[in-house]
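Worksheet: one structure, shown below.
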Amino acid sequence: MTYRIQFEPPALRQLNGFPGDALDALVPVMADVSLHPDDPLRTRPGAKPDERWAEFGGAQDGHLGDR
Amino acid sequence: MLRALAAEFGGATDAAALQPPAVAAWFTSRWGARSPSRWNVALDALRSASRYWADQGWITEDPARLLRRMLYETAARSAEVLRLDVEDLDLPNRRAKVRRKGGAIDVIVWQTGTARLLPRLLKGRKSGPLFLTGRRARVELPPGDIDPASGRARLSYRQAEALFRAASGGATLHQLRPRWQQEHDPARRREGGRLTARRVIVGVMAAAPLPEVPEDREDPAVILRDLPERERDLFLGQYRESVEEAQDPAGYARLRKFLHDWSIRVIACNSPGYYERTDPDRVKEPGIPIEEVFPDWPERLAAAIAARA
């Protein structure tokens, strides 16, 4: 199963005006999620089995869906 | 605050005539229902005023307060401190000579708290017993136990105990006694009854109530207790996996991070609207692939992987 990352609207809204440094810090976190989607320490299961999602600084930042 | 105080108790009233319980009851009834900031401002004003009155000698320092502070800071026996005369005090050097149980002369040393309270209690007295009763002695006492100026008597252990009980909500002077004073203490026997102040202070502190230890928010039991019901199975499942992994020493750091993350999640999950904000099923608008947000995502991903490696 391969995953791709997509930002859900709440995360997109929060990304608006996100400082550049914070965006840079977000990248390795998202990389971690995409590389280890089954790691319960890095991601949480979504409402559907093929979804994983993660938090960054308390905000929902990305969403992995089975495509 | 002072205008209100004067209106309540009379502008011409002597500060010394104010009864602490009456002032406390008036203060609570007047400011108890106000905002915390108003309460604190009024309390500060009252404290400043009482400090000023004490410095002017208009009101007397509560002897129980000084006694308690002095016993704590010097680690002396209460009987030794109650036997002190004003002439025994070396105020500039914060020390005094006391006669120990058994007759030996020793020096006790105090800290800032006692140094601040002492002049308020003394109010310029140069001689006589340090701790005095509130009124003149009614029975015949040795001259050394009477303040020649006021005729008030030296505070006895029993009277000090009563004052102390009233001021501390029932605690006894005995409870302040260091544990090493107990006759069976081997350390006491070993050192022939002479112990350093440091040892004594440790003993006194052991008699005081222990401070409350703040709850560990990363304790799994605390996390489980505070998590919303719907999250608990997920937490428990992941927790057991993490504990299993932590059998390998390398997994310990991950277990700690796991608990840290969940302790934050507890706060998040309990915040209003959390599930509305995060439940993907409730999101009607479509998501946007990360490649559209970060056009250089493949390069960034590769760099992140390289940095981890």
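Please note that chains go A, B, ... in the order of the structure tokens, that every chain numbers its residues from 1, and that ligands are numbered from 1 in the order shown.
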Problem set entry | DSSP strand (DSSP E or B) selection over region 51-126 of chain B, as a VMD selection string | chain B and resid 85 89 to 90 95 to 99 105 to 109
Exercise. Counting only C-alpha atoms, what is within 12 Å of region 22-39 of chain B, bar same-chain residues fewer than 5 positions away, as a list in words?
Worked result: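 Neighbouring residues, sequence-local ones excluded: Met1, Leu2, Ala4, Leu5, Ala6, Ala7, Glu8, Phe9, Ala15, Ala16, Ala17, Asp44, Ala45, Leu46, Arg47 and Ser50 of chain B.
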If you take only C-alpha atoms and a cut-off of 10 Å, which residues of chain B touch chain A, and what are their nearest atom pairs and distances in Å to one decimal, in chain and number order, as a tab-separated table?
```
residue	atom	partner	partner_atom	distance
B:Leu234	CA	A:Pro45	CA	9.2
B:Phe235	CA	A:Pro40	CA	9.7
B:Gly237	CA	A:Pro40	CA	9.6
B:Gln238	CA	A:Pro40	CA	6.5
B:Tyr239	CA	A:Pro40	CA	9.4
B:Glu241	CA	A:Pro40	CA	8.9
B:Ser242	CA	A:Leu41	CA	8.4
B:Arg254	CA	A:Leu41	CA	7.7
B:Leu255	CA	A:Leu41	CA	8.7
B:Lys257	CA	A:Leu41	CA	8.0
B:Phe258	CA	A:Leu41	CA	5.9
B:Leu259	CA	A:Leu41	CA	9.5
B:Asp261	CA	A:Leu41	CA	8.3
B:Trp262	CA	A:Leu41	CA	9.5
B:Ile264	CA	A:Gly58	CA	7.9
B:Arg265	CA	A:Gly58	CA	8.0
B:Ile267	CA	A:Gly58	CA	9.5
B:Ala268	CA	A:Gly58	CA	7.2
B:Arg277	CA	A:Pro10	CA	7.0
B:Thr278	CA	A:Gln60	CA	6.8
B:Asp279	CA	A:Ala47	CA	7.2
B:Pro280	CA	A:Ala47	CA	6.7
B:Asp281	CA	A:Ala47	CA	6.8
B:Arg282	CA	A:Ala47	CA	10.0
B:Val283	CA	A:Pro9	CA	7.4
B:Lys284	CA	A:Pro9	CA	8.8
B:Glu285	CA	A:Pro9	CA	6.6
B:Pro286	CA	A:Glu8	CA	6.8
B:Gly287	CA	A:Glu8	CA	4.2
B:Ile288	CA	A:Gln6	CA	5.1
B:Pro289	CA	A:Gln6	CA	3.9
B:Ile290	CA	A:Gln6	CA	5.0
B:Glu291	CA	A:Gln6	CA	8.2
B:Glu292	CA	A:Gln6	CA	8.9
B:Val293	CA	A:Phe7	CA	8.2
B:Phe294	CA	A:Val27	CA	9.3
B:Trp297	CA	A:Val27	CA	8.4
B:Pro298	CA	A:Ala31	CA	9.9
B:Arg300	CA	A:Val27	CA	7.0
B:Leu301	CA	A:Ala31	CA	5.8
B:Ala302	CA	A:Ala31	CA	8.7
B:Ala303	CA	A:Pro28	CA	8.7
B:Ala304	CA	A:Pro28	CA	5.3
B:Ile305	CA	A:Ala31	CA	7.4
B:Ala307	CA	A:Pro28	CA	8.9
B:Arg308	CA	A:Pro28	CA	8.6
```
Given the selection you just returned, output its residues as a file containing N, CA and C atoms, formatted as a compact mmCIF listing (two decimals), in the first residue's frame.
```txt
# COMPACT_ATOMS: atom_id res chain seq x y z
N LEU B 234 -7.58 3.05 22.06
CA LEU B 234 -6.46 3.34 21.15
C LEU B 234 -5.19 3.57 21.95
N PHE B 235 -5.32 4.38 23.02
CA PHE B 235 -4.15 4.66 23.84
C PHE B 235 -3.60 3.38 24.44
N GLY B 237 -3.90 0.28 23.51
CA GLY B 237 -3.30 -0.59 22.50
C GLY B 237 -1.90 -0.11 22.15
N GLN B 238 -1.79 1.19 21.89
CA GLN B 238 -0.49 1.73 21.50
C GLN B 238 0.49 1.70 22.68
N TYR B 239 -0.05 1.91 23.88
CA TYR B 239 0.81 1.92 25.06
C TYR B 239 1.44 0.54 25.26
N GLU B 241 1.95 -1.71 23.02
CA GLU B 241 2.98 -1.92 21.98
C GLU B 241 4.27 -1.22 22.36
N SER B 242 4.14 0.02 22.84
CA SER B 242 5.33 0.79 23.17
C SER B 242 6.08 0.19 24.34
N ARG B 254 11.55 6.08 23.03
CA ARG B 254 10.31 6.16 22.24
C ARG B 254 9.09 6.06 23.15
N LEU B 255 9.20 5.23 24.18
CA LEU B 255 8.09 5.12 25.13
C LEU B 255 7.87 6.46 25.83
N LYS B 257 8.64 9.41 24.68
CA LYS B 257 8.07 10.36 23.72
C LYS B 257 6.59 10.06 23.50
N PHE B 258 6.27 8.77 23.44
CA PHE B 258 4.88 8.36 23.27
C PHE B 258 4.01 8.93 24.40
N LEU B 259 4.50 8.78 25.63
CA LEU B 259 3.72 9.28 26.77
C LEU B 259 3.65 10.81 26.74
N ASP B 261 3.72 12.69 24.05
CA ASP B 261 2.77 13.06 22.99
C ASP B 261 1.32 12.88 23.46
N TRP B 262 1.09 11.77 24.16
CA TRP B 262 -0.29 11.53 24.60
C TRP B 262 -0.72 12.49 25.72
N ILE B 264 0.05 15.53 25.77
CA ILE B 264 -0.40 16.73 25.05
C ILE B 264 -1.75 16.46 24.39
N ARG B 265 -1.89 15.23 23.90
CA ARG B 265 -3.15 14.88 23.24
C ARG B 265 -4.32 14.94 24.23
N ILE B 267 -4.72 17.09 26.53
CA ILE B 267 -5.14 18.50 26.58
C ILE B 267 -5.93 18.84 25.33
N ALA B 268 -5.39 18.39 24.18
CA ALA B 268 -6.05 18.72 22.91
C ALA B 268 -7.45 18.10 22.84
N ARG B 277 -12.96 19.78 14.76
CA ARG B 277 -11.84 20.33 13.98
C ARG B 277 -11.03 19.25 13.31
N THR B 278 -10.98 18.05 13.89
CA THR B 278 -10.01 17.07 13.40
C THR B 278 -10.61 15.84 12.72
N ASP B 279 -11.90 15.63 12.86
CA ASP B 279 -12.47 14.41 12.28
C ASP B 279 -12.53 14.54 10.75
N PRO B 280 -11.75 13.71 10.04
CA PRO B 280 -11.72 13.83 8.58
C PRO B 280 -13.09 13.65 7.93
N ASP B 281 -13.97 12.84 8.56
CA ASP B 281 -15.28 12.60 7.96
C ASP B 281 -16.14 13.85 7.94
N ARG B 282 -15.85 14.77 8.83
CA ARG B 282 -16.66 15.98 8.91
C ARG B 282 -16.16 17.04 7.95
N VAL B 283 -14.99 16.80 7.38
CA VAL B 283 -14.42 17.79 6.47
C VAL B 283 -15.05 17.60 5.10
N LYS B 284 -15.80 18.61 4.67
CA LYS B 284 -16.51 18.47 3.40
C LYS B 284 -15.63 18.88 2.22
N GLU B 285 -14.75 19.84 2.49
CA GLU B 285 -13.93 20.32 1.38
C GLU B 285 -12.82 19.30 1.11
N PRO B 286 -12.37 19.20 -0.15
CA PRO B 286 -11.32 18.23 -0.43
C PRO B 286 -9.96 18.72 0.08
N GLY B 287 -9.08 17.75 0.33
CA GLY B 287 -7.73 18.12 0.72
C GLY B 287 -6.88 18.46 -0.50
N ILE B 288 -5.72 18.98 -0.25
CA ILE B 288 -4.82 19.34 -1.35
C ILE B 288 -3.53 18.54 -1.22
N PRO B 289 -3.10 17.88 -2.27
CA PRO B 289 -1.86 17.09 -2.18
C PRO B 289 -0.69 17.98 -1.78
N ILE B 290 0.20 17.36 -1.03
CA ILE B 290 1.32 18.14 -0.51
C ILE B 290 2.18 18.71 -1.64
N GLU B 291 2.19 18.02 -2.81
CA GLU B 291 3.01 18.51 -3.93
C GLU B 291 2.51 19.87 -4.41
N GLU B 292 1.23 20.14 -4.18
CA GLU B 292 0.72 21.44 -4.61
C GLU B 292 1.07 22.53 -3.59
N VAL B 293 1.25 22.10 -2.34
CA VAL B 293 1.62 23.07 -1.30
C VAL B 293 3.12 23.33 -1.37
N PHE B 294 3.87 22.24 -1.49
CA PHE B 294 5.33 22.34 -1.64
C PHE B 294 5.69 21.78 -3.01
N TRP B 297 8.41 19.28 -3.12
CA TRP B 297 8.28 18.26 -2.09
C TRP B 297 9.23 17.08 -2.28
N PRO B 298 9.37 16.51 -3.52
CA PRO B 298 10.28 15.35 -3.66
C PRO B 298 11.70 15.69 -3.19
N ARG B 300 12.55 18.09 -1.07
CA ARG B 300 12.53 18.30 0.39
C ARG B 300 12.49 16.96 1.13
N LEU B 301 11.71 16.04 0.59
CA LEU B 301 11.59 14.72 1.21
C LEU B 301 12.95 14.02 1.19
N ALA B 302 13.60 14.10 0.01
CA ALA B 302 14.91 13.45 -0.11
C ALA B 302 15.90 14.07 0.87
N ALA B 303 15.85 15.41 0.99
CA ALA B 303 16.78 16.08 1.91
C ALA B 303 16.50 15.67 3.36
N ALA B 304 15.20 15.55 3.69
CA ALA B 304 14.85 15.16 5.07
C ALA B 304 15.34 13.75 5.37
N ILE B 305 15.19 12.86 4.38
CA ILE B 305 15.66 11.48 4.58
C ILE B 305 17.18 11.47 4.74
N ALA B 307 19.03 13.87 5.82
CA ALA B 307 19.39 14.47 7.12
C ALA B 307 19.21 13.47 8.25
N ARG B 308 18.19 12.60 8.14
CA ARG B 308 17.96 11.59 9.18
C ARG B 308 19.04 10.51 9.16
```
Exercise. So how far away is CA of Asn270 (chain B) from CA of Arg13 (chain A), in Å?
Worked result: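 Answer for the CA of Arg13 (chain A) to CA of Asn270 (chain B) separation: 21.8 Å.
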Exercise. Which one is closest to Glu80 (chain B): B:Arg217, B:Arg100, B:Arg240, B:Arg94? Count only C-alpha atoms.
Worked result: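 When distances to Glu80 (chain B) are compared using only C-alpha atoms, the smallest one comes from B:Arg100.
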